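Participant: Below you will find the structure I want to go over with you.
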Amino acid sequence: MKKRFINILTAVLVIIIFICIYKITDKNYEYYKADKSYEEVRNVKNSIKKTKKTSLSDINSDYRFWINIPGTSIDYPVVQTSDNNFYLKNDFYKNKSINGAIFLDKSNKISSDENLIIYGHNMRNGSMFQDLTNFKDKDFFHKGIVKISKENKQYTYEIFSVFTEKSSNVQLKTNFKNKEQFNLYINDLIKKSIYKKNIDSKNITKIITLYTCSYDFEEARTIVCAALAEELL
C-alpha cells in the first residue's frame, strides 16, 4: 500500500514537473516570436530609411511614429486605434502576441494635444516598456531623453518626472483649456516625481507620458514624463 502511494505521488510530481516545463517553454517561445516580430519591423524601418520606397503606414495604417530611448531596449513603432485594448494583445502586424504593441491613447490628437500618452507592457524578459523602470535610478533619470521620429522630423524630449502610482489614482490629461491649466498639470507631475530637475514649467510647451505596469505593489503603474526640448528636420 505504501509503495503504491509512493508510485502515485511520484507520477503526480512528474506530471507537475512536465506541465511546468511546458509552460516555461511555451512562454519563452512566445517571447521569442514577439522579439522576432519587432526585429523584423526594425529591419523594415531601416530599409525604408535607405530606399524611401514605402512607409510603415503602408504595412499598418495605425502606425503613428517611432519611439527610441537611448540607453534602453525601447526602440519600437507606436500605433493608435479606437480601442485601447486591441494592442494590449496584438503586435504591430495585428497578430496575437503576449508583448502586444506600444500604442498611443485612443483619444490623442497628435497635431494639437499638449500631452501624448503612450502605453506599453512591462515584460519580464526586458522587452517593450520594461526599461522605463530604470528611470527610478537617480543617475539614469538625470540623463534620460526620449526620441520620437515622425515622417521626416525627429523630436527630442527631456525626462523630468518619474513616479509610481496605483492605477485607480492615475489621472492623465491629453489637452488643456489654457496655458495656466497646463502649467498646473506640469507642476503636479514635477511634485510627484521621485527626483527633481531644475526645470521651469512655463517653458514647457508639449510633453509625452510613458505608462507601464509595475511590480512595486498591487496595481502599481510606473509613469515617465518628458518635455519637448528639440525639433529637428
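Letters for chains follow the order of the C-alpha cells (A, B, ...), residue numbers begin at 1 for each chain, and ligand numbers begin at 1 in the order shown.
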DSSP on the backbone, helix (DSSP H, G or I) only: what residues of range 110-204 of chain A does that give? Format it as JSON, numbers by chain.
Facilitator: {"A": [130, 131, 132, 133, 134, 135, 136, 138, 139, 140, 141, 142, 143, 167, 168, 169, 179, 180, 181, 182, 183, 184, 185, 186, 187, 188, 189, 190, 191, 192, 201, 202, 203]}
Participant: Tell me which protein, DNA and RNA residues are within 12 Å of Tyr93 in chain A, counting only C-alpha atoms, leaving out same-chain ones fewer than 5 positions away, and put them as a ChimeraX atom specification.
Facilitator: /A:34,36-38,40-41,56-63,77-79,86-87,100-101
Participant: With N, CA, C and O atoms retained, write the just-selected residues as a PDB file, in the first residue's frame.
Facilitator:
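Generated file (out.pdb):
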ATOM      1  N   ALA A  34       7.621  37.223 -30.354  1.00  0.00           N
ATOM      2  CA  ALA A  34       7.375  38.666 -30.256  1.00  0.00           C
ATOM      3  C   ALA A  34       8.640  39.452 -30.579  1.00  0.00           C
ATOM      4  O   ALA A  34       8.595  40.450 -31.320  1.00  0.00           O
ATOM      5  N   LYS A  36      11.181  38.489 -32.418  1.00  0.00           N
ATOM      6  CA  LYS A  36      11.474  38.343 -33.845  1.00  0.00           C
ATOM      7  C   LYS A  36      10.584  39.254 -34.682  1.00  0.00           C
ATOM      8  O   LYS A  36      11.017  39.836 -35.681  1.00  0.00           O
ATOM      9  N   SER A  37       9.332  39.392 -34.255  1.00  0.00           N
ATOM     10  CA  SER A  37       8.388  40.251 -34.975  1.00  0.00           C
ATOM     11  C   SER A  37       8.864  41.699 -34.996  1.00  0.00           C
ATOM     12  O   SER A  37       8.869  42.359 -36.036  1.00  0.00           O
ATOM     13  N   TYR A  38       9.330  42.199 -33.832  1.00  0.00           N
ATOM     14  CA  TYR A  38       9.777  43.594 -33.767  1.00  0.00           C
ATOM     15  C   TYR A  38      11.160  43.788 -34.367  1.00  0.00           C
ATOM     16  O   TYR A  38      11.486  44.880 -34.850  1.00  0.00           O
ATOM     17  N   GLU A  40      11.940  42.295 -37.069  1.00  0.00           N
ATOM     18  CA  GLU A  40      11.558  42.431 -38.482  1.00  0.00           C
ATOM     19  C   GLU A  40      11.078  43.848 -38.782  1.00  0.00           C
ATOM     20  O   GLU A  40      11.445  44.431 -39.805  1.00  0.00           O
ATOM     21  N   VAL A  41      10.278  44.418 -37.877  1.00  0.00           N
ATOM     22  CA  VAL A  41       9.786  45.792 -38.083  1.00  0.00           C
ATOM     23  C   VAL A  41      10.953  46.771 -38.141  1.00  0.00           C
ATOM     24  O   VAL A  41      10.981  47.684 -38.962  1.00  0.00           O
ATOM     25  N   LEU A  56       6.011  52.603 -43.004  1.00  0.00           N
ATOM     26  CA  LEU A  56       5.396  51.641 -42.088  1.00  0.00           C
ATOM     27  C   LEU A  56       3.872  51.774 -42.088  1.00  0.00           C
ATOM     28  O   LEU A  56       3.167  50.830 -41.762  1.00  0.00           O
ATOM     29  N   SER A  57       3.376  52.939 -42.473  1.00  0.00           N
ATOM     30  CA  SER A  57       1.920  53.137 -42.572  1.00  0.00           C
ATOM     31  C   SER A  57       1.309  52.273 -43.660  1.00  0.00           C
ATOM     32  O   SER A  57       0.122  51.930 -43.604  1.00  0.00           O
ATOM     33  N   ASP A  58       2.128  51.922 -44.663  1.00  0.00           N
ATOM     34  CA  ASP A  58       1.638  51.033 -45.726  1.00  0.00           C
ATOM     35  C   ASP A  58       1.442  49.618 -45.199  1.00  0.00           C
ATOM     36  O   ASP A  58       0.633  48.855 -45.726  1.00  0.00           O
ATOM     37  N   ILE A  59       2.202  49.261 -44.171  1.00  0.00           N
ATOM     38  CA  ILE A  59       2.091  47.929 -43.563  1.00  0.00           C
ATOM     39  C   ILE A  59       0.964  47.916 -42.535  1.00  0.00           C
ATOM     40  O   ILE A  59       0.186  46.972 -42.454  1.00  0.00           O
ATOM     41  N   ASN A  60       0.888  48.986 -41.752  1.00  0.00           N
ATOM     42  CA  ASN A  60      -0.163  49.113 -40.737  1.00  0.00           C
ATOM     43  C   ASN A  60      -0.605  50.572 -40.683  1.00  0.00           C
ATOM     44  O   ASN A  60       0.157  51.450 -40.276  1.00  0.00           O
ATOM     45  N   SER A  61      -1.823  50.816 -41.095  1.00  0.00           N
ATOM     46  CA  SER A  61      -2.340  52.194 -41.144  1.00  0.00           C
ATOM     47  C   SER A  61      -2.489  52.816 -39.764  1.00  0.00           C
ATOM     48  O   SER A  61      -2.695  54.026 -39.643  1.00  0.00           O
ATOM     49  N   ASP A  62      -2.379  51.990 -38.705  1.00  0.00           N
ATOM     50  CA  ASP A  62      -2.451  52.509 -37.335  1.00  0.00           C
ATOM     51  C   ASP A  62      -1.119  53.115 -36.879  1.00  0.00           C
ATOM     52  O   ASP A  62      -1.056  53.713 -35.797  1.00  0.00           O
ATOM     53  N   TYR A  63      -0.071  52.942 -37.675  1.00  0.00           N
ATOM     54  CA  TYR A  63       1.260  53.463 -37.303  1.00  0.00           C
ATOM     55  C   TYR A  63       1.223  54.987 -37.222  1.00  0.00           C
ATOM     56  O   TYR A  63       0.694  55.668 -38.092  1.00  0.00           O
ATOM     57  N   PRO A  77       7.856  50.865 -33.014  1.00  0.00           N
ATOM     58  CA  PRO A  77       6.817  51.668 -33.660  1.00  0.00           C
ATOM     59  C   PRO A  77       5.699  51.927 -32.662  1.00  0.00           C
ATOM     60  O   PRO A  77       5.446  51.104 -31.779  1.00  0.00           O
ATOM     61  N   VAL A  78       5.060  53.070 -32.800  1.00  0.00           N
ATOM     62  CA  VAL A  78       3.915  53.406 -31.944  1.00  0.00           C
ATOM     63  C   VAL A  78       2.666  53.438 -32.820  1.00  0.00           C
ATOM     64  O   VAL A  78       2.645  54.090 -33.867  1.00  0.00           O
ATOM     65  N   VAL A  79       1.642  52.728 -32.385  1.00  0.00           N
ATOM     66  CA  VAL A  79       0.401  52.634 -33.146  1.00  0.00           C
ATOM     67  C   VAL A  79      -0.746  53.265 -32.356  1.00  0.00           C
ATOM     68  O   VAL A  79      -0.624  53.539 -31.163  1.00  0.00           O
ATOM     69  N   PHE A  86      -6.970  46.741 -27.883  1.00  0.00           N
ATOM     70  CA  PHE A  86      -6.562  45.908 -29.007  1.00  0.00           C
ATOM     71  C   PHE A  86      -5.065  45.610 -28.988  1.00  0.00           C
ATOM     72  O   PHE A  86      -4.648  44.457 -29.096  1.00  0.00           O
ATOM     73  N   TYR A  87      -4.239  46.645 -28.836  1.00  0.00           N
ATOM     74  CA  TYR A  87      -2.796  46.439 -28.911  1.00  0.00           C
ATOM     75  C   TYR A  87      -2.177  45.969 -27.591  1.00  0.00           C
ATOM     76  O   TYR A  87      -0.962  45.824 -27.502  1.00  0.00           O
ATOM     77  N   GLY A 100       2.116  42.402 -27.091  1.00  0.00           N
ATOM     78  CA  GLY A 100       1.273  43.477 -27.592  1.00  0.00           C
ATOM     79  C   GLY A 100       2.092  44.453 -28.426  1.00  0.00           C
ATOM     80  O   GLY A 100       3.026  44.065 -29.119  1.00  0.00           O
ATOM     81  N   ALA A 101       1.751  45.731 -28.340  1.00  0.00           N
ATOM     82  CA  ALA A 101       2.469  46.773 -29.071  1.00  0.00           C
ATOM     83  C   ALA A 101       2.560  48.012 -28.197  1.00  0.00           C
ATOM     84  O   ALA A 101       1.858  48.141 -27.186  1.00  0.00           O
TER      85      ALA A 101
END
Participant: List as a list in words the protein and nucleic acid residues near Asn68 in chain A, meaning an atom at most 12 Å away when only C-alpha atoms are counted, but skip any in the same chain fewer than 2 places from it.
Facilitator: Arg42, Phe65, Trp66, Pro70, Gly71, Thr72, Ser73, Ile74, Asp75, Tyr76, Pro77, Val78, Ile102, Met128, Phe129, Asp131, Leu132, Gly144, Ile145, Val146, Lys147, Ile148, Ser149, Lys150, Gln154, Tyr155, Thr156, Tyr157 and Leu210 of chain A
Participant: Need to verify the contact set: range 167-180 of chain A, 12 Å, only C-alpha atoms, exclusion of same-chain residues closer than 3 positions in sequence. Can you return it as a ChimeraX atom specification?
Facilitator: /A:104-118,163-164,183-189,192,201-215,217-225
Participant: Report, in Å with one decimal, the straight-line distance from CA of Ile190 in chain A to CA of Asn134 in chain A.
Facilitator: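 Going from CA of Ile190 in chain A over to CA of Asn134 in chain A, I get 18.0 Å.
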Participant: Pick out the closest residue to Asp139 in chain A from this set: A:Leu228, A:Lys196, A:Arg64, A:Ser47. Count only C-alpha atoms.
Facilitator: A:Lys196
Participant: Mind giving me the straight-line distance from CA of Ile67 in chain A to CA of Asn198 in chain A in Å, one decimal?
Facilitator: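 It comes out at 24.9 Å.
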Participant: Taking the backbone alone, and naming residues the way the document does, which bits of range 171-219 of chain A are strand (DSSP E or B) by DSSP, as a PyMOL selection string?
Facilitator: chain A and resi 207-213
Participant: Can I get the selected residues back with C-alpha atoms, as a PDB file, in the first residue's frame?
Facilitator:
ATOM      1  CA  ILE A 207       5.069  66.588 -23.217  1.00  0.00           C
ATOM      2  CA  ILE A 208       4.829  62.846 -23.648  1.00  0.00           C
ATOM      3  CA  THR A 209       3.755  60.463 -20.899  1.00  0.00           C
ATOM      4  CA  LEU A 210       5.016  56.875 -20.936  1.00  0.00           C
ATOM      5  CA  TYR A 211       2.884  54.428 -18.968  1.00  0.00           C
ATOM      6  CA  THR A 212       3.518  50.814 -17.951  1.00  0.00           C
ATOM      7  CA  CYS A 213       2.688  48.257 -15.281  1.00  0.00           C
TER       8      CYS A 213
END
